[in-house]
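**Q** So I've got this file, entry-v8.txt, and it contains compact mmCIF, C-alpha atoms and all ligand atoms:
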# COMPACT_ATOMS: atom_id res chain seq x y z
CA MET A 1 25.40 -23.59 5.86
CA ASP A 2 23.76 -24.44 9.19
CA ALA A 3 22.41 -21.64 11.31
CA PRO A 4 24.80 -20.53 14.05
CA ALA A 5 23.89 -20.94 17.71
CA ARG A 6 21.02 -18.74 18.84
CA ALA A 7 20.70 -17.51 15.27
CA TRP A 8 17.10 -16.46 15.71
CA VAL A 9 18.13 -13.58 17.95
CA LEU A 10 20.33 -12.10 15.22
CA SER A 11 18.70 -9.49 13.05
CA GLU A 12 19.78 -11.30 9.90
CA TRP A 13 17.53 -14.22 10.83
CA ALA A 14 14.97 -12.48 13.01
CA LEU A 15 14.06 -10.01 10.24
CA LEU A 16 13.74 -12.66 7.57
CA PRO A 17 9.94 -13.21 7.97
CA LEU A 18 9.32 -9.45 7.75
CA ARG A 19 11.56 -9.17 4.71
CA LEU A 20 9.75 -12.00 2.92
CA PHE A 21 6.36 -10.55 3.84
CA LEU A 22 7.20 -7.07 2.57
CA GLY A 23 8.79 -8.43 -0.60
CA PHE A 24 5.88 -10.72 -1.41
CA THR A 25 3.26 -8.07 -0.58
CA PHE A 26 4.79 -5.37 -2.77
CA LEU A 27 5.45 -7.77 -5.65
CA PHE A 28 1.89 -9.09 -5.45
CA ALA A 29 0.42 -5.56 -5.25
CA GLY A 30 2.37 -4.48 -8.35
CA LEU A 31 1.46 -7.56 -10.38
CA GLN A 32 -2.17 -7.27 -9.32
CA LYS A 33 -2.34 -3.74 -10.70
CA LEU A 34 -0.57 -4.72 -13.94
CA ALA A 35 -2.95 -7.65 -14.42
CA ASN A 36 -5.99 -5.43 -13.99
CA PRO A 37 -6.48 -3.23 -17.09
CA THR A 38 -9.42 -1.43 -15.46
CA PHE A 39 -6.98 0.02 -12.91
CA PHE A 40 -5.52 2.20 -15.67
CA ASN A 41 -8.89 3.07 -17.23
CA SER A 42 -9.75 6.66 -16.39
CA LYS A 43 -13.46 5.93 -16.73
CA ASN A 44 -13.48 2.95 -14.42
CA PRO A 45 -14.83 3.61 -10.90
CA SER A 46 -12.15 1.42 -9.33
CA GLY A 47 -9.28 2.80 -11.41
CA ILE A 48 -6.35 4.95 -10.37
CA HIS A 49 -8.05 8.04 -11.86
CA ALA A 50 -11.09 7.63 -9.60
CA GLN A 51 -8.85 6.96 -6.62
CA LEU A 52 -6.81 10.10 -7.24
CA LEU A 53 -9.99 12.14 -7.57
CA GLY A 54 -11.20 10.72 -4.27
CA SER A 55 -7.87 11.47 -2.58
CA ILE A 56 -7.94 15.12 -3.62
CA ARG A 57 -10.69 15.94 -1.17
CA THR A 58 -9.07 14.36 1.89
CA SER A 59 -5.31 14.40 1.35
CA PRO A 60 -3.03 17.13 2.73
CA LEU A 61 -1.39 16.92 -0.72
CA HIS A 62 -4.61 17.93 -2.49
CA ALA A 63 -2.96 20.84 -4.35
CA LEU A 64 -0.37 18.46 -5.84
CA LEU A 65 -2.90 15.70 -6.55
CA THR A 66 -5.14 18.17 -8.38
CA HIS A 67 -2.39 18.53 -11.00
CA LEU A 68 -1.36 14.88 -10.99
CA VAL A 69 -4.86 13.62 -11.67
CA ASN A 70 -4.38 14.50 -15.37
CA PHE A 71 -1.55 11.96 -15.48
CA SER A 72 -3.35 9.17 -13.68
CA THR A 73 -2.40 6.39 -16.13
CA PRO A 74 1.38 7.04 -16.08
CA ILE A 75 1.17 7.46 -12.31
CA GLY A 76 -0.64 4.13 -12.00
CA LEU A 77 1.99 2.44 -14.17
CA THR A 78 4.81 4.02 -12.14
CA ILE A 79 3.28 2.80 -8.87
CA ALA A 80 2.75 -0.72 -10.22
CA TRP A 81 6.27 -1.10 -11.60
CA ALA A 82 7.81 0.51 -8.52
CA GLU A 83 5.99 -2.03 -6.36
CA VAL A 84 7.30 -4.86 -8.56
CA ALA A 85 10.87 -3.52 -8.38
CA ILE A 86 10.74 -3.00 -4.60
CA GLY A 87 9.12 -6.39 -4.04
CA VAL A 88 11.67 -8.26 -6.18
CA GLY A 89 14.59 -6.38 -4.60
CA VAL A 90 13.54 -7.15 -1.05
CA LEU A 91 12.34 -10.69 -1.72
CA PHE A 92 15.63 -11.72 -3.30
CA GLY A 93 17.81 -9.48 -1.12
CA LEU A 94 19.06 -7.52 -4.11
CA TRP A 95 20.13 -3.92 -3.50
CA THR A 96 17.94 -4.20 -0.44
CA ARG A 97 18.72 -0.82 1.09
CA ILE A 98 17.75 0.98 -2.13
CA ALA A 99 14.59 -1.10 -2.39
CA ALA A 100 13.76 -0.31 1.24
CA VAL A 101 14.20 3.42 0.62
CA GLY A 102 11.79 3.04 -2.32
CA GLY A 103 9.39 1.18 -0.02
CA VAL A 104 9.46 4.00 2.54
CA LEU A 105 8.89 6.67 -0.10
CA LEU A 106 6.01 4.79 -1.72
CA SER A 107 4.38 3.94 1.61
CA LEU A 108 4.78 7.53 2.83
CA SER A 109 3.22 8.85 -0.41
CA LEU A 110 0.27 6.49 -0.04
CA PHE A 111 -0.09 7.48 3.62
CA LEU A 112 -0.26 11.18 2.74
CA ALA A 113 -2.49 10.65 -0.29
CA VAL A 114 -4.82 7.98 1.00
CA SER A 115 -4.75 6.96 4.63
CA TYR A 116 -3.78 10.25 6.30
CA HIS A 117 -7.15 10.51 8.01
CA SER A 118 -7.37 6.91 9.21
CA SER A 119 -8.62 6.97 12.75
CA PRO A 120 -7.17 5.72 14.99
CA TYR A 121 -4.00 6.32 12.99
CA TYR A 122 -2.79 2.69 13.32
CA THR A 123 -5.75 1.37 11.32
CA GLY A 124 -4.15 2.69 8.13
CA ALA A 125 -1.65 0.14 6.79
CA ASP A 126 0.60 2.65 5.01
CA ILE A 127 2.06 4.22 8.15
CA VAL A 128 2.86 0.74 9.47
CA PHE A 129 4.65 -0.10 6.20
CA VAL A 130 6.73 3.09 6.51
CA PHE A 131 8.18 1.90 9.81
CA ALA A 132 8.40 -1.75 8.73
CA TRP A 133 10.87 -0.71 6.01
CA LEU A 134 13.25 1.12 8.33
CA PRO A 135 15.20 -1.94 9.66
CA PHE A 136 16.15 -2.85 6.08
CA ILE A 137 17.48 0.63 5.39
CA LEU A 138 19.63 0.32 8.51
CA SER A 139 20.78 -3.28 8.15
CA GLY A 140 20.26 -4.25 4.50
CA SER A 141 19.04 -7.69 3.57
CA SER A 142 21.36 -9.56 5.98
CA SER A 143 23.37 -12.51 4.77
CA ARG A 144 20.51 -15.00 4.55
CA PHE A 145 18.83 -15.93 1.25
CA SER A 146 20.15 -12.79 -0.32
CA ILE A 147 21.74 -12.01 -3.67
CA ASP A 148 23.58 -9.11 -2.01
CA ALA A 149 25.24 -11.62 0.34
CA TRP A 150 25.97 -14.00 -2.53
CA VAL A 151 27.68 -11.18 -4.43
CA THR A 152 29.68 -10.24 -1.31
CA ASN A 153 30.78 -13.84 -0.78
CA PHE A 154 31.62 -14.26 -4.45
CA VAL A 155 33.79 -11.14 -4.46
CA ALA A 156 35.38 -12.07 -1.11
CA LYS A 157 36.39 -15.44 -2.51
CA LYS A 158 37.83 -13.83 -5.62
CA ASN A 159 39.74 -11.38 -3.42
CA GLY A 160 40.93 -14.22 -1.21
CA THR A 161 39.30 -12.80 1.89
CA ASP A 162 37.04 -14.60 4.28
CA ARG A 163 33.52 -13.66 5.02
CA SER A 164 32.71 -12.88 8.67
CA GLU A 165 30.18 -15.08 10.40
CA TYR A 166 28.09 -13.63 13.18
CA VAL A 167 26.98 -15.72 16.14
CA ALA A 168 24.91 -14.78 19.13
CA ILE A 169 26.51 -15.30 22.54
CA PRO A 170 25.01 -13.99 25.77
CA PHE A 171 27.02 -10.95 26.87
CA ALA A 172 27.40 -12.28 30.43
CA GLN A 173 28.99 -15.44 29.03
CA LEU A 174 31.37 -13.38 26.93
CA GLN A 175 32.41 -11.44 30.01
CA ARG A 176 33.06 -14.68 31.88
CA ILE A 177 35.21 -15.99 29.04
CA CYS A 178 37.08 -12.74 28.79
CA GLY A 179 37.87 -12.50 32.44
CA ASN A 180 34.83 -12.72 34.66
CA PHE A 181 34.52 -9.02 34.39
CA ASN A 182 32.11 -7.84 37.00
CA ASP A 183 31.89 -4.58 38.86
CA ASN A 184 35.24 -3.53 37.43
CA THR A 185 36.95 -6.56 38.92
CA CYS A 186 38.51 -9.41 36.96
CA ALA A 187 38.26 -12.73 38.73
CA ALA A 188 39.14 -15.24 36.01
CA ARG A 189 42.46 -13.76 34.91
CA GLU A 190 44.29 -14.62 38.08
CA TYR A 191 46.88 -12.01 39.02
CA LEU A 192 46.25 -10.25 35.75
CA ALA A 193 44.24 -7.15 35.01
CA CYS A 194 41.31 -7.31 32.70
CA ASP A 195 42.80 -6.74 29.29
CA ALA A 196 40.87 -5.02 26.52
CA ALA A 197 43.38 -6.29 23.98
CA VAL A 198 42.29 -9.84 24.84
CA CYS A 199 38.64 -8.98 24.89
CA PRO A 200 37.51 -5.69 23.27
CA VAL A 201 34.09 -5.89 24.93
CA LEU A 202 35.88 -4.75 28.10
CA LEU A 203 36.15 -1.38 26.43
CA GLY A 204 32.40 -1.03 26.89
CA SER A 205 30.99 1.75 24.77
CA ARG A 206 34.50 2.44 23.41
CA ALA A 207 34.67 -1.01 21.79
CA PRO A 208 35.06 -0.88 17.98
CA VAL A 209 31.94 -1.56 15.97
CA ALA A 210 32.32 -4.27 13.36
CA THR A 211 31.92 -2.92 9.87
CA PRO A 212 29.43 -5.00 7.89
CA VAL A 213 31.03 -7.20 5.30
CA ALA A 214 28.86 -5.69 2.61
CA ILE A 215 30.33 -2.24 3.25
CA ARG A 216 33.92 -3.44 3.63
CA SER A 217 33.92 -5.20 0.32
CA LEU A 218 32.09 -2.55 -1.63
CA ASP A 219 34.67 -2.33 -4.34
CA ARG A 220 34.56 -2.15 -8.09
CA ARG A 221 34.18 -5.88 -8.46
CA THR A 222 31.21 -5.90 -6.07
CA LEU A 223 29.54 -3.16 -8.06
CA ILE A 224 30.09 -4.96 -11.36
CA VAL A 225 28.88 -8.35 -10.13
CA GLY A 226 26.00 -6.76 -8.19
CA GLY A 227 25.03 -4.65 -11.21
CA ALA A 228 25.03 -7.71 -13.47
CA ALA A 229 22.86 -9.60 -10.98
CA ALA A 230 20.47 -6.63 -10.70
CA ALA A 231 20.24 -6.30 -14.51
CA SER A 232 19.47 -10.03 -14.87
CA VAL A 233 16.79 -10.00 -12.17
CA ALA A 234 15.30 -6.73 -13.49
CA THR A 235 15.07 -8.19 -17.01
CA ALA A 236 13.34 -11.30 -15.69
CA ALA A 237 10.97 -9.13 -13.61
CA VAL A 238 10.09 -6.93 -16.60
CA ILE A 239 9.39 -9.98 -18.80
CA PHE A 240 7.29 -11.60 -16.07
CA GLY A 241 5.43 -8.37 -15.25
CA SER A 242 4.72 -7.67 -18.92
CA THR A 243 3.43 -11.21 -19.39
CA VAL A 244 1.12 -10.79 -16.40
CA ALA A 245 -0.11 -7.43 -17.77
CA ALA A 246 -0.71 -8.85 -21.26
CA THR A 247 -2.57 -11.87 -19.85
CA GLY A 248 -4.68 -9.60 -17.64
CA LYS A 249 -5.56 -7.43 -20.63
CA LEU A 250 -6.54 -10.44 -22.73
CA ILE A 251 -8.78 -11.84 -20.01
CA GLY A 252 -10.21 -8.39 -19.24
CA ASN A 253 -11.13 -7.77 -22.88
CA ALA A 254 -12.78 -11.17 -23.11
CA GLN A 255 -15.05 -10.49 -20.15
CA VAL A 256 -18.60 -9.41 -20.95
CA SER A 257 -19.37 -6.10 -19.32
CA LYS A 258 -22.20 -6.26 -16.83
CA PRO A 259 -25.26 -4.06 -17.30
CA ALA A 260 -24.81 -0.85 -15.34
CA THR A 261 -27.24 0.37 -12.72
CA LYS A 262 -29.91 2.51 -14.32
CA GLN A 263 -28.68 6.05 -14.85
CA LEU A 264 -31.09 8.75 -13.80
CA SER A 265 -30.96 11.62 -16.23
CA SER A 266 -30.35 14.51 -13.89
CA GLY A 267 -31.84 17.69 -15.29
CA GLY A 268 -29.28 19.71 -13.42
CA SER A 269 -31.78 22.55 -12.98
CA THR A 270 -30.90 24.91 -10.22
CA THR A 271 -33.15 26.24 -7.50
CA PRO A 272 -35.93 27.18 -7.57
CA THR A 273 -37.41 24.88 -10.19
CA THR A 274 -40.86 25.66 -11.55
CA SER A 275 -43.03 22.67 -12.28
CA GLY A 276 -46.74 22.75 -13.08
CA GLY A 277 -47.01 26.28 -11.77
CA ALA A 278 -45.37 25.36 -8.43
CA LYS A 279 -41.82 26.14 -7.36
CA TYR A 280 -39.58 23.54 -5.75
CA SER A 281 -36.19 24.09 -4.20
CA GLY A 282 -33.27 21.86 -4.96
CA THR A 283 -31.82 20.34 -8.10
CA LEU A 284 -34.20 18.43 -10.33
CA LEU A 285 -32.95 14.86 -10.76
CA GLY A 286 -35.77 13.30 -12.75
CA PRO A 287 -39.09 11.50 -12.32
CA ALA A 288 -39.50 9.43 -9.16
CA THR A 289 -40.92 6.61 -11.30
CA GLY A 290 -37.42 6.20 -12.73
CA VAL A 291 -36.27 4.67 -9.42
CA ARG A 292 -38.05 1.49 -8.46
CA VAL A 293 -37.91 -0.40 -5.19
CA ASN A 294 -34.85 -2.71 -5.19
CA GLU A 295 -33.64 -1.07 -8.39
CA PRO A 296 -31.46 1.88 -7.42
CA ALA A 297 -30.52 4.47 -9.99
CA THR A 298 -27.29 6.37 -10.33
CA PHE A 299 -26.83 10.01 -11.14
CA THR A 300 -24.19 12.70 -11.06
CA VAL A 301 -24.21 15.06 -8.09
CA PRO A 302 -24.37 18.44 -9.84
CA THR A 303 -22.47 20.42 -7.21
CA SER A 304 -19.45 18.11 -6.95
CA GLY A 305 -19.55 16.01 -10.10
CA ASP A 306 -19.39 12.92 -7.89
CA PRO A 307 -21.34 9.77 -8.72
CA GLY A 308 -24.47 9.34 -6.62
CA ILE A 309 -27.06 6.65 -6.06
CA ILE A 310 -30.75 6.75 -5.11
CA PHE A 311 -32.78 4.01 -3.46
CA ASN A 312 -36.56 3.86 -3.41
CA GLU A 313 -37.64 2.70 0.05
CA GLY A 314 -41.33 2.74 -0.87
CA ALA A 315 -44.04 5.13 0.36
CA SER A 316 -42.33 8.01 -1.46
CA LYS A 317 -39.25 7.67 0.70
CA PHE A 318 -35.91 7.92 -1.10
CA LEU A 319 -32.34 7.57 0.11
CA GLY A 320 -29.41 9.12 -1.67
CA TYR A 321 -25.64 8.72 -1.24
CA ASP A 322 -22.49 10.13 -2.75
CA THR A 323 -20.82 6.89 -3.87
CA VAL A 324 -17.21 8.02 -3.65
CA CYS A 325 -15.62 5.57 -1.21
CA PRO A 326 -14.12 7.38 1.81
CA HIS A 327 -11.15 5.00 1.72
CA MET A 328 -9.41 5.66 -1.58
CA GLY A 329 -12.07 7.22 -3.76
CA CYS A 330 -13.30 4.27 -5.83
CA THR A 331 -16.96 4.34 -6.76
CA VAL A 332 -19.11 2.16 -4.54
CA ALA A 333 -21.84 0.11 -6.24
CA TYR A 334 -24.97 -1.68 -5.06
CA SER A 335 -24.71 -5.44 -4.69
CA PRO A 336 -28.21 -6.96 -5.05
CA SER A 337 -27.04 -10.32 -3.67
CA ALA A 338 -25.55 -8.81 -0.49
CA LYS A 339 -28.11 -5.97 -0.35
CA LEU A 340 -25.24 -3.68 0.52
CA LEU A 341 -23.20 -0.98 -1.12
CA VAL A 342 -19.82 -2.52 -1.87
CA CYS A 343 -16.55 -0.91 -2.89
CA PRO A 344 -14.88 -2.81 -5.78
CA CYS A 345 -11.36 -1.77 -4.73
CA HIS A 346 -10.90 -3.10 -1.20
CA ASN A 347 -14.37 -4.45 -0.40
CA SER A 348 -15.59 -1.94 2.12
CA GLU A 349 -19.29 -2.55 2.71
CA PHE A 350 -21.93 0.05 3.57
CA LEU A 351 -25.50 -0.22 4.79
CA VAL A 352 -28.15 0.93 2.33
CA SER A 353 -30.33 2.23 5.17
CA THR A 354 -27.76 4.63 6.65
CA GLY A 355 -24.63 4.56 4.47
CA ALA A 356 -22.61 3.46 7.53
CA VAL A 357 -19.52 1.32 6.91
CA ILE A 358 -19.85 -2.18 8.34
CA SER A 359 -16.65 -3.79 7.07
CA GLY A 360 -13.48 -3.03 5.14
CA PRO A 361 -10.88 -0.30 5.39
CA ALA A 362 -13.16 2.70 4.77
CA PRO A 363 -12.70 5.04 7.77
CA ARG A 364 -16.30 6.30 7.71
CA GLY A 365 -19.64 5.89 5.99
CA LEU A 366 -20.88 7.33 2.71
CA LEU A 367 -21.94 10.94 2.44
CA LYS A 368 -25.72 11.04 2.68
CA LEU A 369 -27.68 13.15 0.21
CA ASP A 370 -31.09 14.65 0.81
CA VAL A 371 -33.30 13.37 -2.02
CA VAL A 372 -37.00 14.25 -1.86
CA GLU A 373 -39.98 13.44 -4.07
CA GLU A 374 -42.08 16.55 -4.53
CA PRO A 375 -45.82 16.63 -5.37
CA ASP A 376 -45.00 17.07 -9.08
CA GLY A 377 -43.67 13.47 -9.06
CA ASN A 378 -40.05 14.48 -9.53
CA LEU A 379 -37.02 13.85 -7.33
CA TYR A 380 -35.05 16.84 -6.08
CA LEU A 381 -31.64 16.98 -4.47
CA LYS A 382 -31.91 19.47 -1.60
S1 LIG B 1 -11.38 2.54 -2.06
FE1 LIG B 1 -10.62 1.11 -0.64
S2 LIG B 1 -12.42 0.27 0.18
FE2 LIG B 1 -13.11 1.69 -1.20
So that I can check it, write out the structure of this file as structure tokens.

**A**
Amino acid sequence: MDAPARAWVLSEWALLPLRLFLGFTFLFAGLQKLANPTFFNSKNPSGIHAQLLGSIRTSPLHALLTHLVNFSTPIGLTIAWAEVAIGVGVLFGLWTRIAAVGGVLLSLSLFLAVSYHSSPYYTGADIVFVFAWLPFILSGSSSRFSIDAWVTNFVAKKNGTDRSEYVAIPFAQLQRICGNFNDNTCAAREYLACDAAVCPVLLGSRAPVATPVAIRSLDRRTLIVGGAAAASVATAAVIFGSTVAATGKLIGNAQVSKPATKQLSSGGSTTPTTSGGAKYSGTLLGPATGVRVNEPATFTVPTSGDPGIIFNEGASKFLGYDTVCPHMGCTVAYSPSAKLLVCPCHNSEFLVSTGAVISGPAPRGLLKLDVVEEPDGNLYLK
């Protein structure tokens, strides 16, 4: 069917690009997680477990997340499949209002868990997604490219009722047609009063609001046909998502793991540490010779259990950082080719010299650690 006049001003057409964007984005995000087996690996620095651990320290929901972190794999699977379901629902206009409610809940959860401290607040995508979903809760998928609309039409035909078609007409033009209604005078209906029965818009705010077709025809047949359509699409989505997950696992297992950055064996000794008759404050991390120039070493920060990294700047100068990404808690790693610290999750990049963020969604730089080489030749975390 051709688009009605001025169709682009109607919400059912005007919201179509946003609906397609949200549907594609959520479907892609879900499939991307399913295809990435490391996302569900609790030992992987870019996995859901690491991200939950990182969120605990910044989220207002930290008490809840502290308990949920023990269930990181089922939570990751739930998020991934929820994103697939929401994405498919919105993309195909299937049970769109329910999918949009799911989208708001998921986006709100991510906002509270992850991007709550984004500053300014509009730099965090999750809060924008929350509000982007609202029009679809209010108006549904509209009648364009939508299984909901197809079901409604199908049922309407079976019931022998016609489907309403909406067109956009300028209100002033409608008033002229109805009776040149202006300033409470009616010029076009010569010798006749303006008549609301002829033109309900003359009732102003008392005019009846058209009930959407989808609501009017929400009968048993609609539920049965809609349910059958939803079951068919859900089955196809589960098969497709499972295939993507299985393929991702196969490819992931076939990949050769890269050699890890050298791990410094932190002694974990507490202050003061006695070495060669002298006492040094701080936590003993290991011999300074274990960290060469251009070859950073990793270690575990004893006080927090966070992963850390040490760089040798030469001349007995060392730099240390807590490598938990301030964005979503993935572990940042050194990229020798870029000479930067790079987050594997969303590609935030940090300067080695200061830890400052130079690109990506991380709201701030890495936490700097005070690492000092003492005269005994060992590194200490102060
Ligand atoms: S966790 Fe998102 S950029 Fe690091």

**Q** Tell me which of A:Val101, A:Leu367, A:Ala85, A:Leu52 sits closest to ligand LIG 1 (chain B), counting all atoms listed in the file.

**A**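 Nearest candidate to ligand LIG 1 (chain B) out of A:Val101, A:Leu367, A:Ala85, A:Leu52: A:Leu52.
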
**Q** Tell me which protein, DNA and RNA residues are within 6 Å of range 89-94 of chain A, counting all atoms listed in the file, leaving out same-chain ones fewer than 4 positions away, and put them as a CSV table (one decimal) with C-alpha atoms, in the frame of the given file.

**A**
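Output contents, as saved in part20.csv:
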chain,number,residue,atom,x,y,z
A,20,LEU,CA,9.8,-12.0,2.9
A,23,GLY,CA,8.8,-8.4,-0.6
A,99,ALA,CA,14.6,-1.1,-2.4
A,141,SER,CA,19.0,-7.7,3.6
A,146,SER,CA,20.2,-12.8,-0.3
A,147,ILE,CA,21.7,-12.0,-3.7
A,148,ASP,CA,23.6,-9.1,-2.0

**Q** One decimal, Å: what's the distance from CA of Phe26 in chain A over to CA of Leu112 in chain A, could you say?

**A**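 Straight-line distance from CA of Phe26 in chain A to CA of Leu112 in chain A works out to 18.2 Å.
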
**Q** Rounded to one decimal in Å, what is the spacing between CA of Gly248 in chain A and CA of Thr38 in chain A?

**A** 9.7 Å

**Q** Distance table requested - chain A against ligand LIG 1 (chain B), cut-off 7 Å, only C-alpha atoms and all ligand atoms: one row per qualifying residue with the closest atom pair and its distance in Å to one decimal, ordered by chain and rising residue number, as a Markdown table.

**A**
| residue | atom | partner | partner_atom | distance |
| --- | --- | --- | --- | --- |
| A:Gln51 | CA | B:LIG1 | S1 | 6.8 |
| A:Cys325 | CA | B:LIG1 | FE2 | 4.6 |
| A:Pro326 | CA | B:LIG1 | FE2 | 6.5 |
| A:His327 | CA | B:LIG1 | S1 | 4.5 |
| A:Met328 | CA | B:LIG1 | S1 | 3.7 |
| A:Gly329 | CA | B:LIG1 | S1 | 5.0 |
| A:Cys330 | CA | B:LIG1 | S1 | 4.6 |
| A:Val332 | CA | B:LIG1 | FE2 | 6.9 |
| A:Cys343 | CA | B:LIG1 | FE2 | 4.6 |
| A:Pro344 | CA | B:LIG1 | FE2 | 6.7 |
| A:Cys345 | CA | B:LIG1 | FE1 | 5.1 |
| A:His346 | CA | B:LIG1 | S2 | 3.9 |
| A:Asn347 | CA | B:LIG1 | S2 | 5.1 |
| A:Ser348 | CA | B:LIG1 | S2 | 4.3 |
| A:Gly360 | CA | B:LIG1 | S2 | 6.1 |
| A:Pro361 | CA | B:LIG1 | S2 | 5.5 |
| A:Ala362 | CA | B:LIG1 | S2 | 5.2 |

**Q** What does the file look like for those residues with C-alpha atoms, as a compact mmCIF listing (two decimals), in the coordinates of the input?

**A**
# COMPACT_ATOMS: atom_id res chain seq x y z
CA GLN A 51 -8.85 6.96 -6.62
CA CYS A 325 -15.62 5.57 -1.21
CA PRO A 326 -14.12 7.38 1.81
CA HIS A 327 -11.15 5.00 1.72
CA MET A 328 -9.41 5.66 -1.58
CA GLY A 329 -12.07 7.22 -3.76
CA CYS A 330 -13.30 4.27 -5.83
CA VAL A 332 -19.11 2.16 -4.54
CA CYS A 343 -16.55 -0.91 -2.89
CA PRO A 344 -14.88 -2.81 -5.78
CA CYS A 345 -11.36 -1.77 -4.73
CA HIS A 346 -10.90 -3.10 -1.20
CA ASN A 347 -14.37 -4.45 -0.40
CA SER A 348 -15.59 -1.94 2.12
CA GLY A 360 -13.48 -3.03 5.14
CA PRO A 361 -10.88 -0.30 5.39
CA ALA A 362 -13.16 2.70 4.77

**Q** List every protein, DNA or RNA residue that has at least one atom no more than 12 Å from (6.8, 1.8, -7.6) in the file's coordinates, counting only C-alpha atoms, and write the result as a PyMOL selection string.

**A** chain A and resi 26-27+29-31+33-34+74-89+99-107+109-110

**Q** With all atoms listed in the file as the counted atoms, please give the residues lying no more than 7 Å from Thr323 in chain A, apart from itself and same-chain residues fewer than 2 positions off, as a VMD selection string.

**A** chain A and resid 307 to 309 321 325 331 to 332 366

**Q** Interatomic distance between CA of Ser118 in chain A and CA of Leu134 in chain A?

**A**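 CA of Ser118 in chain A sits 21.4 Å away from CA of Leu134 in chain A.
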
**Q** Identify, on the basis of only C-alpha atoms, every residue whose closest approach to Leu341 in chain A does not exceed 9 Å; exclude the query and any residue fewer than 3 positions from it along the same chain; express the result as a ChimeraX atom specification.

**A** /A:323,332-336,338,348-352,355

**Q** Would you output that residue set with C-alpha atoms, as a PDB file, keeping the file's coordinate frame?

**A**
ATOM      1  CA  THR A 323     -20.820   6.890  -3.870  1.00  0.00           C
ATOM      2  CA  VAL A 332     -19.110   2.160  -4.540  1.00  0.00           C
ATOM      3  CA  ALA A 333     -21.840   0.110  -6.240  1.00  0.00           C
ATOM      4  CA  TYR A 334     -24.970  -1.680  -5.060  1.00  0.00           C
ATOM      5  CA  SER A 335     -24.710  -5.440  -4.690  1.00  0.00           C
ATOM      6  CA  PRO A 336     -28.210  -6.960  -5.050  1.00  0.00           C
ATOM      7  CA  ALA A 338     -25.550  -8.810  -0.490  1.00  0.00           C
ATOM      8  CA  SER A 348     -15.590  -1.940   2.120  1.00  0.00           C
ATOM      9  CA  GLU A 349     -19.290  -2.550   2.710  1.00  0.00           C
ATOM     10  CA  PHE A 350     -21.930   0.050   3.570  1.00  0.00           C
ATOM     11  CA  LEU A 351     -25.500  -0.220   4.790  1.00  0.00           C
ATOM     12  CA  VAL A 352     -28.150   0.930   2.330  1.00  0.00           C
ATOM     13  CA  GLY A 355     -24.630   4.560   4.470  1.00  0.00           C
TER      14      GLY A 355
END

**Q** Using only C-alpha atoms, which of the listed residues (A:Trp133, A:Asn159, A:Trp95, A:Ile251) sits closest to Ala228 in chain A?

**A**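 Nearest candidate to Ala228 in chain A out of A:Trp133, A:Asn159, A:Trp95, A:Ile251: A:Trp95.
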
**Q** Have a look at A:Pro363, A:Gly320, A:Pro60, A:Gly227 and name the one nearest to Ser119 in chain A; count all atoms listed in the file.

**A**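 For Ser119 in chain A, the nearest of the candidates is A:Pro363.
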
**Q** Name the closest residue to Leu285 in chain A among the candidates A:Tyr380, A:Phe24, A:Phe311, A:Tyr122; distances are taken between atoms, counting only C-alpha atoms.

**A**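 Under the stated criterion, the closest residue is A:Tyr380.
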
**Q** Counting only C-alpha atoms, which residue out of A:Thr73, A:Ser316, A:Ala113, A:Ala230 sits closest to Pro37 in chain A?

**A** A:Thr73

**Q** I'd like to know which of A:Ser115, A:Phe318, A:Thr222, A:Thr300 is closest to Phe129 in chain A, using only C-alpha atoms.

**A** A:Ser115

**Q** Starting from the incomplete input, reconstruct N, CA and C atoms of range 96-104 of chain A and write that as a PDB file, in the coordinates of the input.

**A**
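Produced file part-v8.pdb, reproduced below:
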ATOM      1  N   THR A  96      19.045  -4.262  -1.393  1.00  0.00           N
ATOM      2  CA  THR A  96      17.940  -4.200  -0.440  1.00  0.00           C
ATOM      3  C   THR A  96      17.750  -2.817   0.167  1.00  0.00           C
ATOM      4  N   ARG A  97      18.873  -2.156   0.480  1.00  0.00           N
ATOM      5  CA  ARG A  97      18.720  -0.820   1.090  1.00  0.00           C
ATOM      6  C   ARG A  97      18.023   0.147   0.132  1.00  0.00           C
ATOM      7  N   ILE A  98      18.386   0.079  -1.150  1.00  0.00           N
ATOM      8  CA  ILE A  98      17.750   0.980  -2.130  1.00  0.00           C
ATOM      9  C   ILE A  98      16.267   0.633  -2.256  1.00  0.00           C
ATOM     10  N   ALA A  99      15.985  -0.680  -2.303  1.00  0.00           N
ATOM     11  CA  ALA A  99      14.590  -1.100  -2.390  1.00  0.00           C
ATOM     12  C   ALA A  99      13.802  -0.647  -1.163  1.00  0.00           C
ATOM     13  N   ALA A 100      14.444  -0.718   0.011  1.00  0.00           N
ATOM     14  CA  ALA A 100      13.760  -0.310   1.240  1.00  0.00           C
ATOM     15  C   ALA A 100      13.488   1.193   1.259  1.00  0.00           C
ATOM     16  N   VAL A 101      14.432   1.971   0.727  1.00  0.00           N
ATOM     17  CA  VAL A 101      14.200   3.420   0.620  1.00  0.00           C
ATOM     18  C   VAL A 101      13.000   3.675  -0.304  1.00  0.00           C
ATOM     19  N   GLY A 102      12.950   2.935  -1.414  1.00  0.00           N
ATOM     20  CA  GLY A 102      11.790   3.040  -2.320  1.00  0.00           C
ATOM     21  C   GLY A 102      10.509   2.664  -1.594  1.00  0.00           C
ATOM     22  N   GLY A 103      10.574   1.621  -0.770  1.00  0.00           N
ATOM     23  CA  GLY A 103       9.390   1.180  -0.020  1.00  0.00           C
ATOM     24  C   GLY A 103       8.906   2.255   0.942  1.00  0.00           C
ATOM     25  N   VAL A 104       9.848   2.925   1.621  1.00  0.00           N
ATOM     26  CA  VAL A 104       9.460   4.000   2.540  1.00  0.00           C
ATOM     27  C   VAL A 104       8.806   5.146   1.775  1.00  0.00           C
TER      28      VAL A 104
END
